[in-house]
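The next block is query_3.cif, given as mmCIF, C-alpha atoms and all ligand atoms.
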data_final
#
loop_
_atom_site.label_atom_id
_atom_site.label_comp_id
_atom_site.auth_asym_id
_atom_site.auth_seq_id
_atom_site.Cartn_x
_atom_site.Cartn_y
_atom_site.Cartn_z
CA MET A 121 32.18 22.33 6.51
CA GLY A 122 29.56 19.76 7.30
CA ARG A 123 26.89 18.71 4.87
CA ALA A 124 24.21 20.28 7.04
CA ASN A 125 23.78 21.84 10.46
CA LYS A 126 20.49 20.59 11.67
CA VAL A 127 18.91 17.41 10.29
CA VAL A 128 15.57 15.72 10.83
CA LEU A 129 16.05 11.97 10.49
CA ALA A 130 13.26 9.47 9.78
CA TYR A 131 13.75 7.03 12.61
CA SER A 132 12.60 3.44 13.11
CA GLY A 133 14.60 2.43 16.17
CA GLY A 134 16.53 -0.24 14.25
CA VAL A 135 20.31 -0.49 14.16
CA ASP A 136 20.66 1.20 10.79
CA THR A 137 18.71 4.34 11.57
CA SER A 138 20.30 4.48 15.04
CA VAL A 139 23.78 4.35 13.52
CA CYS A 140 22.76 7.18 11.19
CA ILE A 141 22.71 9.50 14.22
CA PRO A 142 26.42 9.32 15.21
CA TYR A 143 27.37 8.85 11.57
CA LEU A 144 25.73 12.11 10.50
CA LYS A 145 27.47 13.92 13.35
CA GLU A 146 30.91 12.33 13.20
CA GLU A 147 31.41 11.77 9.49
CA TRP A 148 29.29 14.47 7.91
CA GLY A 149 29.69 17.24 10.47
CA VAL A 150 26.01 17.59 11.33
CA LYS A 151 25.57 19.54 14.57
CA GLU A 152 22.09 18.49 15.62
CA VAL A 153 20.08 15.42 14.73
CA ILE A 154 16.38 15.45 15.48
CA THR A 155 14.71 12.08 15.00
CA LEU A 156 11.15 11.52 13.89
CA ALA A 157 9.45 8.18 14.42
CA GLY A 158 6.09 7.73 12.79
CA ASP A 159 3.33 5.68 14.33
CA LEU A 160 1.58 4.04 11.40
CA GLY A 161 -0.30 1.51 13.48
CA GLN A 162 2.56 -0.99 13.41
CA GLY A 163 1.56 -1.99 16.93
CA GLU A 164 4.95 -1.25 18.45
CA GLU A 165 5.62 0.71 21.61
CA LEU A 166 7.23 3.95 20.55
CA GLY A 167 8.31 5.05 24.05
CA PRO A 168 11.50 2.95 24.02
CA ILE A 169 12.25 4.16 20.51
CA ARG A 170 12.16 7.77 21.72
CA LYS A 171 14.70 6.98 24.38
CA LYS A 172 16.88 4.98 22.03
CA ALA A 173 17.25 7.94 19.70
CA LEU A 174 18.32 10.19 22.57
CA ASP A 175 20.78 7.56 23.82
CA SER A 176 22.21 7.38 20.31
CA GLY A 177 22.91 11.10 20.31
CA ALA A 178 19.79 12.82 19.01
CA VAL A 179 19.07 16.27 20.51
CA GLU A 180 15.38 15.74 20.17
CA SER A 181 13.30 12.61 19.58
CA LEU A 182 9.84 13.09 18.16
CA VAL A 183 7.05 10.59 17.72
CA ALA A 184 4.24 11.44 15.33
CA ASP A 185 0.94 9.62 15.38
CA LEU A 186 0.23 9.32 11.70
CA THR A 187 -2.14 6.35 11.73
CA GLU A 188 -5.40 8.15 11.11
CA GLU A 189 -4.02 10.32 8.34
CA PHE A 190 -2.35 7.27 6.84
CA ILE A 191 -5.56 5.29 6.54
CA ARG A 192 -7.88 8.16 5.65
CA ASP A 193 -5.74 10.14 3.20
CA TYR A 194 -3.40 7.52 1.75
CA ALA A 195 -4.93 4.04 2.07
CA PHE A 196 -8.57 4.91 1.31
CA PRO A 197 -7.82 6.81 -1.92
CA ALA A 198 -5.72 3.81 -2.99
CA ILE A 199 -8.71 1.56 -2.31
CA GLN A 200 -10.89 3.82 -4.45
CA ALA A 201 -8.29 3.29 -7.17
CA ASN A 202 -8.19 -0.49 -6.57
CA ALA A 203 -4.44 0.06 -6.49
CA LEU A 204 -2.43 -3.11 -6.95
CA TYR A 205 1.14 -2.93 -8.23
CA GLU A 206 1.72 -5.57 -10.88
CA ASN A 207 -1.86 -6.55 -10.27
CA ARG A 208 -1.00 -8.03 -6.85
CA TYR A 209 0.80 -5.87 -4.29
CA PRO A 210 -1.59 -3.46 -2.53
CA LEU A 211 1.23 -0.99 -1.81
CA SER A 212 1.00 -1.28 1.98
CA THR A 213 4.61 -0.15 2.44
CA ALA A 214 4.73 2.26 -0.49
CA LEU A 215 1.71 4.25 0.74
CA ALA A 216 3.40 5.13 4.03
CA ARG A 217 6.40 6.83 2.44
CA PRO A 218 4.84 10.02 1.10
CA LEU A 219 3.20 10.62 4.48
CA ILE A 220 6.47 10.17 6.39
CA ALA A 221 8.16 12.46 3.85
CA LYS A 222 5.47 15.07 4.39
CA ARG A 223 5.92 15.03 8.15
CA LEU A 224 9.73 15.15 7.80
CA VAL A 225 9.46 18.29 5.71
CA GLU A 226 6.98 19.86 8.15
CA VAL A 227 9.21 19.14 11.16
CA ALA A 228 12.27 20.44 9.32
CA ASP A 229 10.37 23.62 8.69
CA GLU A 230 9.21 23.93 12.32
CA TYR A 231 12.69 23.35 13.71
CA GLY A 232 14.56 25.36 11.09
CA ALA A 233 16.53 22.34 9.89
CA ASP A 234 18.48 22.62 6.65
CA ALA A 235 18.24 18.91 5.75
CA VAL A 236 16.22 15.77 6.26
CA ALA A 237 17.63 12.24 6.30
CA HIS A 238 16.55 8.63 6.00
CA GLY A 239 18.21 5.26 6.48
CA CYS A 240 17.35 3.68 3.12
CA THR A 241 19.99 1.83 1.17
CA GLY A 242 20.68 2.36 -2.52
CA LYS A 243 18.91 -0.77 -3.73
CA GLY A 244 15.31 -0.27 -2.82
CA ASN A 245 12.25 1.67 -3.82
CA ASP A 246 11.88 3.50 -0.53
CA GLN A 247 14.88 5.80 -1.11
CA VAL A 248 13.25 6.93 -4.35
CA ARG A 249 9.89 7.49 -2.66
CA PHE A 250 11.43 9.57 0.14
CA ASP A 251 13.74 11.61 -2.05
CA VAL A 252 11.15 12.40 -4.70
CA ALA A 253 8.34 13.15 -2.23
CA ILE A 254 10.61 15.43 -0.22
CA ALA A 255 11.73 17.25 -3.38
CA ALA A 256 8.09 17.69 -4.40
CA LEU A 257 7.17 19.20 -1.04
CA ASN A 258 10.27 21.34 -0.58
CA PRO A 259 12.71 21.47 -3.49
CA ASN A 260 15.13 23.54 -1.43
CA ILE A 261 15.78 21.11 1.38
CA LYS A 262 18.73 18.70 1.26
CA VAL A 263 18.14 14.98 1.61
CA LEU A 264 20.88 12.97 3.29
CA ALA A 265 20.97 9.20 2.97
CA PRO A 266 23.99 7.97 4.95
CA ALA A 267 23.23 4.25 4.50
CA ARG A 268 23.30 4.75 0.73
CA GLU A 269 26.88 5.97 0.95
CA TRP A 270 28.60 4.45 3.94
CA GLY A 271 29.31 1.07 2.36
CA MET A 272 29.40 -0.75 5.70
CA SER A 273 28.35 -4.40 5.96
CA ARG A 274 25.84 -5.42 8.59
CA GLU A 275 28.65 -6.40 10.97
CA GLU A 276 30.55 -3.17 10.38
CA THR A 277 27.40 -1.16 10.98
CA ILE A 278 26.83 -2.89 14.32
CA ALA A 279 30.49 -2.39 15.29
CA TYR A 280 30.30 1.29 14.35
CA GLY A 281 27.19 1.69 16.49
CA GLU A 282 28.83 0.00 19.48
CA ARG A 283 31.52 2.66 19.46
CA PHE A 284 28.78 5.18 20.17
CA GLY A 285 26.91 3.14 22.73
CA ILE A 286 24.31 1.70 20.37
CA PRO A 287 23.74 -1.83 21.60
CA SER A 288 23.96 -4.59 19.02
CA PRO A 289 20.61 -6.32 18.56
CA VAL A 290 20.19 -8.65 21.54
CA LYS A 291 17.70 -11.14 20.16
CA LYS A 292 18.94 -13.64 17.65
CA LYS A 293 18.64 -11.58 14.55
CA SER A 294 15.79 -12.52 12.29
CA PRO A 295 17.07 -13.29 8.79
CA TYR A 296 14.24 -11.25 7.31
CA SER A 297 13.88 -7.62 6.45
CA ILE A 298 10.43 -6.57 7.56
CA ASP A 299 8.38 -3.43 7.10
CA LYS A 300 5.17 -3.21 9.03
CA ASN A 301 2.21 -0.88 9.49
CA LEU A 302 -1.53 -1.12 10.05
CA LEU A 303 -2.09 -2.06 6.40
CA GLY A 304 0.24 -4.98 6.34
CA ARG A 305 3.67 -6.53 6.50
CA SER A 306 6.33 -6.76 3.78
CA VAL A 307 8.95 -9.43 4.27
CA GLU A 308 12.04 -10.09 2.23
CA ALA A 309 15.60 -11.51 2.43
CA GLY A 310 16.97 -14.53 4.30
CA PRO A 311 15.70 -17.84 2.94
CA LEU A 312 13.18 -15.94 0.79
CA GLU A 313 15.97 -14.83 -1.53
CA ASP A 314 15.69 -18.22 -3.22
CA PRO A 315 12.42 -17.94 -5.16
CA TRP A 316 12.04 -21.72 -5.00
CA ASN A 317 12.00 -21.74 -1.18
CA ALA A 318 8.47 -21.83 0.13
CA PRO A 319 8.02 -19.17 2.84
CA LEU A 320 8.15 -20.64 6.32
CA GLU A 321 5.10 -20.07 8.48
CA GLU A 322 7.23 -17.81 10.71
CA VAL A 323 7.13 -14.98 8.17
CA TYR A 324 3.42 -14.41 8.78
CA GLU A 325 1.88 -12.60 11.71
CA MET A 326 -1.41 -11.09 10.57
CA THR A 327 -2.79 -14.11 8.71
CA LYS A 328 -3.35 -17.68 9.91
CA ALA A 329 -2.15 -20.78 8.09
CA ILE A 330 -5.06 -22.57 6.42
CA ALA A 331 -4.61 -25.48 8.84
CA ASP A 332 -5.34 -23.11 11.74
CA THR A 333 -8.36 -21.34 10.30
CA PRO A 334 -11.94 -21.90 11.52
CA ASP A 335 -13.87 -24.78 9.95
CA GLU A 336 -16.94 -22.58 9.55
CA PRO A 337 -17.18 -19.77 7.01
CA GLU A 338 -17.80 -16.24 8.29
CA LEU A 339 -19.72 -13.49 6.53
CA VAL A 340 -18.72 -9.87 6.79
CA ASP A 341 -20.68 -6.97 5.28
CA ILE A 342 -18.51 -4.08 4.19
CA GLY A 343 -20.27 -0.75 3.65
CA PHE A 344 -18.87 1.97 1.38
CA VAL A 345 -19.83 5.62 0.91
CA LYS A 346 -18.48 7.21 -2.28
CA GLY A 347 -15.89 4.47 -2.50
CA MET A 348 -14.68 4.93 1.09
CA PRO A 349 -15.12 2.02 3.51
CA THR A 350 -17.35 3.16 6.38
CA ARG A 351 -19.13 0.15 7.93
CA LEU A 352 -18.50 -3.39 9.05
CA ASN A 353 -21.54 -5.56 9.62
CA GLY A 354 -23.73 -2.47 9.77
CA SER A 355 -21.71 -0.56 12.38
CA GLU A 356 -20.19 2.70 11.34
CA LEU A 357 -16.48 2.77 12.15
CA ALA A 358 -13.72 5.34 11.90
CA PRO A 359 -11.09 4.43 9.29
CA VAL A 360 -8.41 3.12 11.66
CA GLU A 361 -10.90 1.10 13.69
CA LEU A 362 -12.42 -0.37 10.55
CA VAL A 363 -9.09 -1.50 9.17
CA SER A 364 -7.89 -2.99 12.44
CA GLN A 365 -11.11 -4.91 13.06
CA LEU A 366 -11.14 -6.15 9.48
CA ASN A 367 -7.50 -7.24 9.74
CA ASP A 368 -8.48 -9.52 12.61
CA ILE A 369 -11.56 -10.95 10.93
CA VAL A 370 -9.93 -11.55 7.57
CA GLY A 371 -6.56 -12.62 8.97
CA ARG A 372 -8.03 -15.38 11.10
CA HIS A 373 -9.43 -17.00 7.95
CA GLY A 374 -6.02 -16.91 6.31
CA TYR A 375 -6.85 -14.49 3.50
CA GLY A 376 -4.44 -11.79 2.40
CA ARG A 377 -1.10 -13.46 1.72
CA ILE A 378 0.97 -12.75 -1.37
CA ASP A 379 4.18 -14.40 -2.52
CA MET A 380 5.52 -12.65 -5.59
CA MET A 381 8.49 -11.81 -7.75
CA GLU A 382 8.40 -8.07 -8.07
CA ASN A 383 10.08 -5.54 -10.35
CA ARG A 384 11.63 -2.73 -8.36
CA LEU A 385 12.01 0.70 -9.88
CA VAL A 386 15.81 0.43 -9.62
CA GLY A 387 15.80 -2.50 -12.03
CA ILE A 388 16.17 -5.34 -9.56
CA LYS A 389 13.77 -8.25 -9.33
CA SER A 390 13.02 -9.23 -5.77
CA ARG A 391 11.03 -11.89 -4.01
CA GLU A 392 8.50 -10.39 -1.64
CA ILE A 393 6.09 -11.82 0.83
CA TYR A 394 3.19 -9.62 1.83
CA GLU A 395 0.25 -9.96 4.10
CA ALA A 396 -2.40 -7.27 3.97
CA PRO A 397 -5.66 -8.92 5.02
CA ALA A 398 -8.00 -5.94 5.41
CA LEU A 399 -6.55 -3.94 2.55
CA LEU A 400 -6.84 -6.78 0.05
CA ALA A 401 -10.37 -7.61 1.17
CA LEU A 402 -11.36 -3.94 0.89
CA ILE A 403 -10.00 -3.61 -2.64
CA HIS A 404 -11.73 -6.83 -3.64
CA ALA A 405 -15.06 -5.66 -2.20
CA HIS A 406 -14.70 -2.14 -3.54
CA ARG A 407 -14.09 -3.35 -7.07
CA ASP A 408 -17.18 -5.50 -6.83
CA LEU A 409 -19.33 -2.57 -5.72
CA GLU A 410 -18.00 -0.59 -8.67
CA SER A 411 -19.13 -3.35 -11.00
CA LEU A 412 -22.65 -2.75 -9.71
CA THR A 413 -22.61 1.06 -9.74
CA LEU A 414 -20.33 2.22 -12.57
CA THR A 415 -21.19 2.15 -16.25
CA ALA A 416 -19.32 -0.32 -18.42
CA ASP A 417 -17.21 2.33 -20.14
CA VAL A 418 -16.12 3.98 -16.88
CA THR A 419 -15.29 0.58 -15.38
CA HIS A 420 -13.18 -0.39 -18.37
CA TYR A 421 -11.46 2.97 -18.75
CA LYS A 422 -10.72 3.12 -15.02
CA ARG A 423 -8.72 -0.11 -15.24
CA GLY A 424 -6.04 1.66 -17.23
CA ILE A 425 -6.02 4.61 -14.82
CA GLU A 426 -5.70 2.21 -11.90
CA GLU A 427 -2.67 0.58 -13.45
CA THR A 428 -0.91 3.92 -13.99
CA TYR A 429 -1.95 5.12 -10.54
CA SER A 430 -0.51 2.01 -8.88
CA GLN A 431 2.77 2.41 -10.73
CA MET A 432 2.97 6.04 -9.69
CA ILE A 433 2.53 5.16 -6.01
CA TYR A 434 5.09 2.39 -6.31
CA ASN A 435 7.54 4.63 -8.15
CA GLY A 436 7.42 7.48 -5.65
CA LEU A 437 5.24 9.93 -7.55
CA TRP A 438 2.50 10.41 -4.95
CA TYR A 439 3.01 14.18 -5.05
CA SER A 440 3.05 14.88 -8.76
CA PRO A 441 0.82 16.63 -11.29
CA LEU A 442 -0.26 13.47 -13.11
CA LYS A 443 -1.11 11.74 -9.84
CA ALA A 444 -3.23 14.77 -8.83
CA ALA A 445 -5.03 14.68 -12.17
CA LEU A 446 -5.72 10.97 -11.83
CA ASP A 447 -7.04 11.60 -8.31
CA SER A 448 -9.61 13.97 -9.76
CA PHE A 449 -10.70 11.36 -12.27
CA ILE A 450 -10.98 8.70 -9.59
CA GLN A 451 -12.92 10.98 -7.23
CA THR A 452 -15.44 11.74 -9.97
CA THR A 453 -16.01 8.04 -10.57
CA GLN A 454 -16.68 7.41 -6.86
CA GLU A 455 -19.70 9.74 -6.61
CA ARG A 456 -22.17 6.81 -6.58
CA VAL A 457 -19.98 3.96 -5.31
CA THR A 458 -22.09 3.66 -2.19
CA GLY A 459 -23.52 0.40 -0.91
CA THR A 460 -22.70 -2.86 0.81
CA VAL A 461 -20.72 -5.91 -0.22
CA ARG A 462 -21.05 -9.25 1.55
CA VAL A 463 -17.83 -11.23 1.76
CA GLN A 464 -17.58 -14.85 2.82
CA LEU A 465 -14.30 -15.76 4.46
CA PHE A 466 -13.26 -19.37 4.52
CA LYS A 467 -9.97 -21.24 4.36
CA GLY A 468 -7.86 -18.54 2.76
CA ASN A 469 -10.59 -17.25 0.46
CA ALA A 470 -12.61 -14.06 0.46
CA THR A 471 -15.55 -14.72 -1.80
CA ILE A 472 -18.04 -12.01 -2.63
CA VAL A 473 -21.46 -13.51 -2.23
CA GLY A 474 -23.68 -10.41 -2.40
CA ARG A 475 -23.76 -6.71 -3.17
CA GLN A 476 -26.39 -3.98 -2.95
CA SER A 477 -26.60 -0.26 -3.63
CA ASP A 478 -29.21 2.49 -3.93
CA TYR A 479 -27.21 3.51 -6.98
CA SER A 480 -27.21 0.10 -8.58
CA LEU A 481 -27.25 0.22 -12.38
CA TYR A 482 -28.35 -3.39 -12.54
CA THR A 483 -31.83 -3.58 -14.10
CA PRO A 484 -33.60 -6.86 -13.38
CA ASP A 485 -36.27 -6.19 -16.06
CA LEU A 486 -33.52 -6.08 -18.66
CA ALA A 487 -31.40 -8.91 -17.29
CA THR A 488 -34.07 -11.45 -16.48
CA TYR A 489 -34.74 -14.59 -18.49
CA GLY A 490 -38.23 -14.71 -17.00
CA ALA A 491 -41.57 -13.45 -18.30
CA GLU A 492 -41.02 -9.90 -16.96
CA ASP A 493 -38.33 -9.38 -19.59
CA GLN A 494 -38.43 -5.81 -21.00
CA PHE A 495 -35.53 -6.11 -23.38
CA ASP A 496 -36.46 -5.58 -27.03
CA HIS A 497 -35.08 -8.68 -28.70
CA LYS A 498 -35.91 -7.35 -32.17
CA ALA A 499 -33.58 -4.39 -31.55
CA ALA A 500 -30.67 -6.80 -31.09
CA GLU A 501 -30.92 -7.88 -34.70
CA GLY A 502 -30.37 -4.40 -36.16
CA PHE A 503 -27.65 -3.71 -33.63
CA ILE A 504 -25.77 -6.83 -34.61
CA TYR A 505 -26.15 -6.01 -38.32
CA VAL A 506 -24.42 -2.65 -37.84
CA TRP A 507 -21.92 -3.88 -35.25
CA GLY A 508 -20.85 -6.77 -37.44
CA LEU A 509 -20.86 -4.82 -40.71
CA PRO A 510 -17.10 -4.10 -40.86
CA THR A 511 -16.34 -7.75 -40.18
CA ARG A 512 -18.78 -8.84 -42.88
CA VAL A 513 -17.21 -6.45 -45.41
CA TRP A 514 -13.71 -7.59 -44.46
CA SER A 515 -14.69 -11.20 -44.90
CA GLU A 516 -16.26 -10.58 -48.30
CA LYS A 517 -13.21 -8.71 -49.57
CA THR A 518 -10.59 -11.10 -48.31
CA ARG A 519 -12.12 -14.47 -49.08
CA GLY A 520 -11.40 -13.89 -52.80
N1 LIG A 601 9.00 -4.09 -2.06
C1 LIG A 601 8.08 -3.38 -1.28
C2 LIG A 601 7.96 -1.95 -1.73
O1 LIG A 601 8.81 -1.50 -2.46
C3 LIG A 601 8.32 -3.51 0.20
C4 LIG A 601 9.66 -3.09 0.70
C5 LIG A 601 9.58 -3.14 2.18
N2 LIG A 601 10.79 -3.27 2.89
C6 LIG A 601 11.17 -4.38 3.53
N3 LIG A 601 12.14 -4.28 4.36
N4 LIG A 601 10.63 -5.55 3.34
O2 LIG A 601 7.02 -1.27 -1.40
#
Give the structure from the file, written as structure tokens.
Ligand code: ARG
Amino acid sequence: MGRANKVVLAYSGGVDTSVCIPYLKEEWGVKEVITLAGDLGQGEELGPIRKKALDSGAVESLVADLTEEFIRDYAFPAIQANALYENRYPLSTALARPLIAKRLVEVADEYGADAVAHGCTGKGNDQVRFDVAIAALNPNIKVLAPAREWGMSREETIAYGERFGIPSPVKKKSPYSIDKNLLGRSVEAGPLEDPWNAPLEEVYEMTKAIADTPDEPELVDIGFVKGMPTRLNGSELAPVELVSQLNDIVGRHGYGRIDMMENRLVGIKSREIYEAPALLALIHAHRDLESLTLTADVTHYKRGIEETYSQMIYNGLWYSPLKAALDSFIQTTQERVTGTVRVQLFKGNATIVGRQSDYSLYTPDLATYGAEDQFDHKAAEGFIYVWGLPTRVWSEKTRG
């Protein structure tokens, strides 16, 4: 008895996921493997990937265009939450997983498959994100993860694939492990495994080295409506268009690189290089607009929510009751986060130089040091007396 009859496999076109196809059939007795490749704006031709899956033994090879849904329903809510894992990583890879999981489950349902599969190994976060998201969406479907169990080295995997007509990678293999989509690139392994090794310029694609950036600063105005990015330099743009244009603008000034030691959910520390030019600029700008339009207490309270929210995305809990509850909180806070932020890009920096909103809570008459000042200075005295009272009492009692 095989582990399943019909399986929908998340497919990238790489050696590992290709080898999953014959492996599922030969070793685990699966009768039919349907592959699903997701277009997430990674800028790769998916035609050849379709064919590769069929050549590797898939009965059906599907390509799903997920880019718009990815940006609108996964990236933009994360921007509203200013989501940064460990205060740095904007979750560009992590955000794609729940969407791929959702489509896997939908396709399994359409095709009457009794399992879904992915090519993740047992050491990363992505296996957790897939497995948990799939379980949340359909607790009755099996999840197969051949690469978590097969125990083959890289060479053995390639040799196994060759037996089933899967060509070994022709190009000199890059030493890096790379995940890529419209939001950014995540690069690990190879020389990066030594945290003391500076990343070589070759790891970057979306962002320029400072030495190659323009010698003139560039301004870009980012417009938001209810916390969602909607305009660049005054022109209204659809989500995907906005992110891709902003990637170009921001990337050519060298902003958006991250080099960090990161704590994976499975307990391993890893060294990660990220580039996510548009996403990081959008979070930076969005947070600034919030500082103009949210009250102090909401701003401060939201910080804690953002931290939890980021951890939940990182840890694979996109579809979960707490995440849904936090979404409601975040949505409520975004009601008046509408306005424009002006960002100056120059030599690897994105500096906010202006912000405006019809919902601004900034009150010049209160803030000014000029003659128009409306603030009641006398009131400050009584306020400070009451505010400082506990401290005064404490001091009197403890000084002896
Ligand atoms: N560490 C990141 C995450 O867990 C990125 C992992 C991406 N994979 C890769 N092959 N670099 O979201």
Any residue with an atom at most 8 Å from ligand LIG 601 (chain A) counts, using all atoms listed in the file. Which are they? Put them as a short mmCIF file (atom, residue, chain, number, x, y, z; two decimals) with C-alpha atoms, in the coordinates of the input.
data_model
loop_
_atom_site.label_atom_id
_atom_site.label_comp_id
_atom_site.auth_asym_id
_atom_site.auth_seq_id
_atom_site.Cartn_x
_atom_site.Cartn_y
_atom_site.Cartn_z
CA LEU A 211 1.23 -0.99 -1.81
CA SER A 212 1.00 -1.28 1.98
CA THR A 213 4.61 -0.15 2.44
CA ALA A 214 4.73 2.26 -0.49
CA LEU A 215 1.71 4.25 0.74
CA GLY A 244 15.31 -0.27 -2.82
CA ASN A 245 12.25 1.67 -3.82
CA ASP A 246 11.88 3.50 -0.53
CA TYR A 296 14.24 -11.25 7.31
CA SER A 297 13.88 -7.62 6.45
CA ILE A 298 10.43 -6.57 7.56
CA ASP A 299 8.38 -3.43 7.10
CA ARG A 305 3.67 -6.53 6.50
CA SER A 306 6.33 -6.76 3.78
CA VAL A 307 8.95 -9.43 4.27
CA GLU A 308 12.04 -10.09 2.23
CA ALA A 309 15.60 -11.51 2.43
CA GLU A 382 8.40 -8.07 -8.07
CA ARG A 384 11.63 -2.73 -8.36
CA SER A 390 13.02 -9.23 -5.77
CA GLU A 392 8.50 -10.39 -1.64
CA TYR A 434 5.09 2.39 -6.31
#
Expected axis-aligned box over every listed atom of region 478-487 of chain A, 4 Å added per side, centre plus edges in Å to one decimal, as AutoDock Vina command-line options:
--center_x -31.7 --center_y -2.7 --center_z -11.3 --size_x 17.1 --size_y 20.4 --size_z 22.7
Atomic separation - CA of Ser176 (chain A) relative to CA of Gly285 (chain A), Å: 6.8 Å
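Within 9 Å of Leu414 (chain A), once only C-alpha atoms are used and residues closer than 3 positions along the same chain are dropped, the contacting residues are Leu409, Glu410, Ser411, Asp417, Val418, Thr419, Thr453, Gln454, Arg456, Val457, Tyr479, Ser480 and Leu481 of chain A.
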A:Ser138, A:Asn125, A:Thr333, A:Gln200 ranked by distance to Lys346 (chain A), top pick (using only C-alpha atoms):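 When distances to Lys346 (chain A) are compared using only C-alpha atoms, the smallest one comes from A:Gln200.
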Minimum-distance residue to Asp408 (chain A), chosen among A:Ile199, A:Ile169, A:Val363, A:Ile141 (using all atoms listed in the file): A:Ile199
Test item: which residues lie within 10 Å of (18.2, 4.1, 11.9) counting all atoms listed in the file, as a PyMOL selection string: chain A and resi 129-141+155+157+173+176+237-240+266-267
Nearest to Glu455 (chain A), chosen from A:Pro397, A:Gly347, A:Pro197, A:Pro315, with all atoms listed in the file counted in the distances: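 With all atoms listed in the file as the atom set, the closest residue is A:Gly347.
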Given only C-alpha atoms as the counted atoms, nearest of A:Ile433, A:Ile342, A:Asp332, A:Val360 to Gly474 (chain A):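 Residue with the minimum atom-to-atom distance to Gly474 (chain A): A:Ile342.
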10 Å contact set for Trp438 (chain A), all atoms listed in the file, chain neighbours under 5 positions out, as a list of chain:residue names: A:Tyr194, A:Ala214, A:Leu215, A:Arg217, A:Pro218, A:Leu219, A:Arg249, A:Val252, A:Ala253, A:Ala256, A:Tyr429, A:Ser430, A:Gln431, A:Met432, A:Ile433, A:Lys443, A:Ala444
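Taking CA of Glu313 (chain A) and CA of Arg391 (chain A) as the two end points, the separation is 6.3 Å.
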Shortest interatomic distance to Leu320 (chain A) - which of A:Gln464, A:Ile393, A:Glu164, A:Val370, counting all atoms listed in the file: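 Residue with the minimum atom-to-atom distance to Leu320 (chain A): A:Ile393.
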Within 10 Å of Ala201 (chain A) using all atoms listed in the file, minus same-chain residues under 3 positions, as a PyMOL selection string: chain A and resi 195-198+204+347+403+406-407+422-423+425-427+429-430+446-447+449-451+453-454
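Here CA of Tyr231 (chain A) and CA of Leu166 (chain A) stand 21.3 Å from one another.
Using only C-alpha atoms, the contacts of Glu188 (chain A) at a cut-off of 10 Å, with sequence neighbours closer than 5 positions omitted, comprise A:Asp159, A:Leu160, A:Gly161, A:Asp193, A:Tyr194, A:Ala195, A:Ala358, A:Pro359, A:Val360, A:Glu361.
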Nearest-residue call for Met381 (chain A), choices A:Arg192, A:Arg208, A:Arg519, A:His497, using all atoms listed in the file: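 For Met381 (chain A), the nearest of the candidates is A:Arg208.
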Distance query Glu230 (chain A) at most 12 Å, only C-alpha atoms, self and fewer than 4 positions along chain excluded, as a list in words: Lys126, Val127, Val128, Ile154, Arg223, Leu224, Val225, Glu226 and Asp234 of chain A
Point (-13.4, -12.0, 0.5), cut-off 9 Å, counting all atoms listed in the file, residues as JSON, numbers by chain: {"A": [339, 340, 370, 375, 400, 401, 402, 404, 405, 462, 463, 464, 465, 466, 468, 469, 470, 471, 472, 473]}
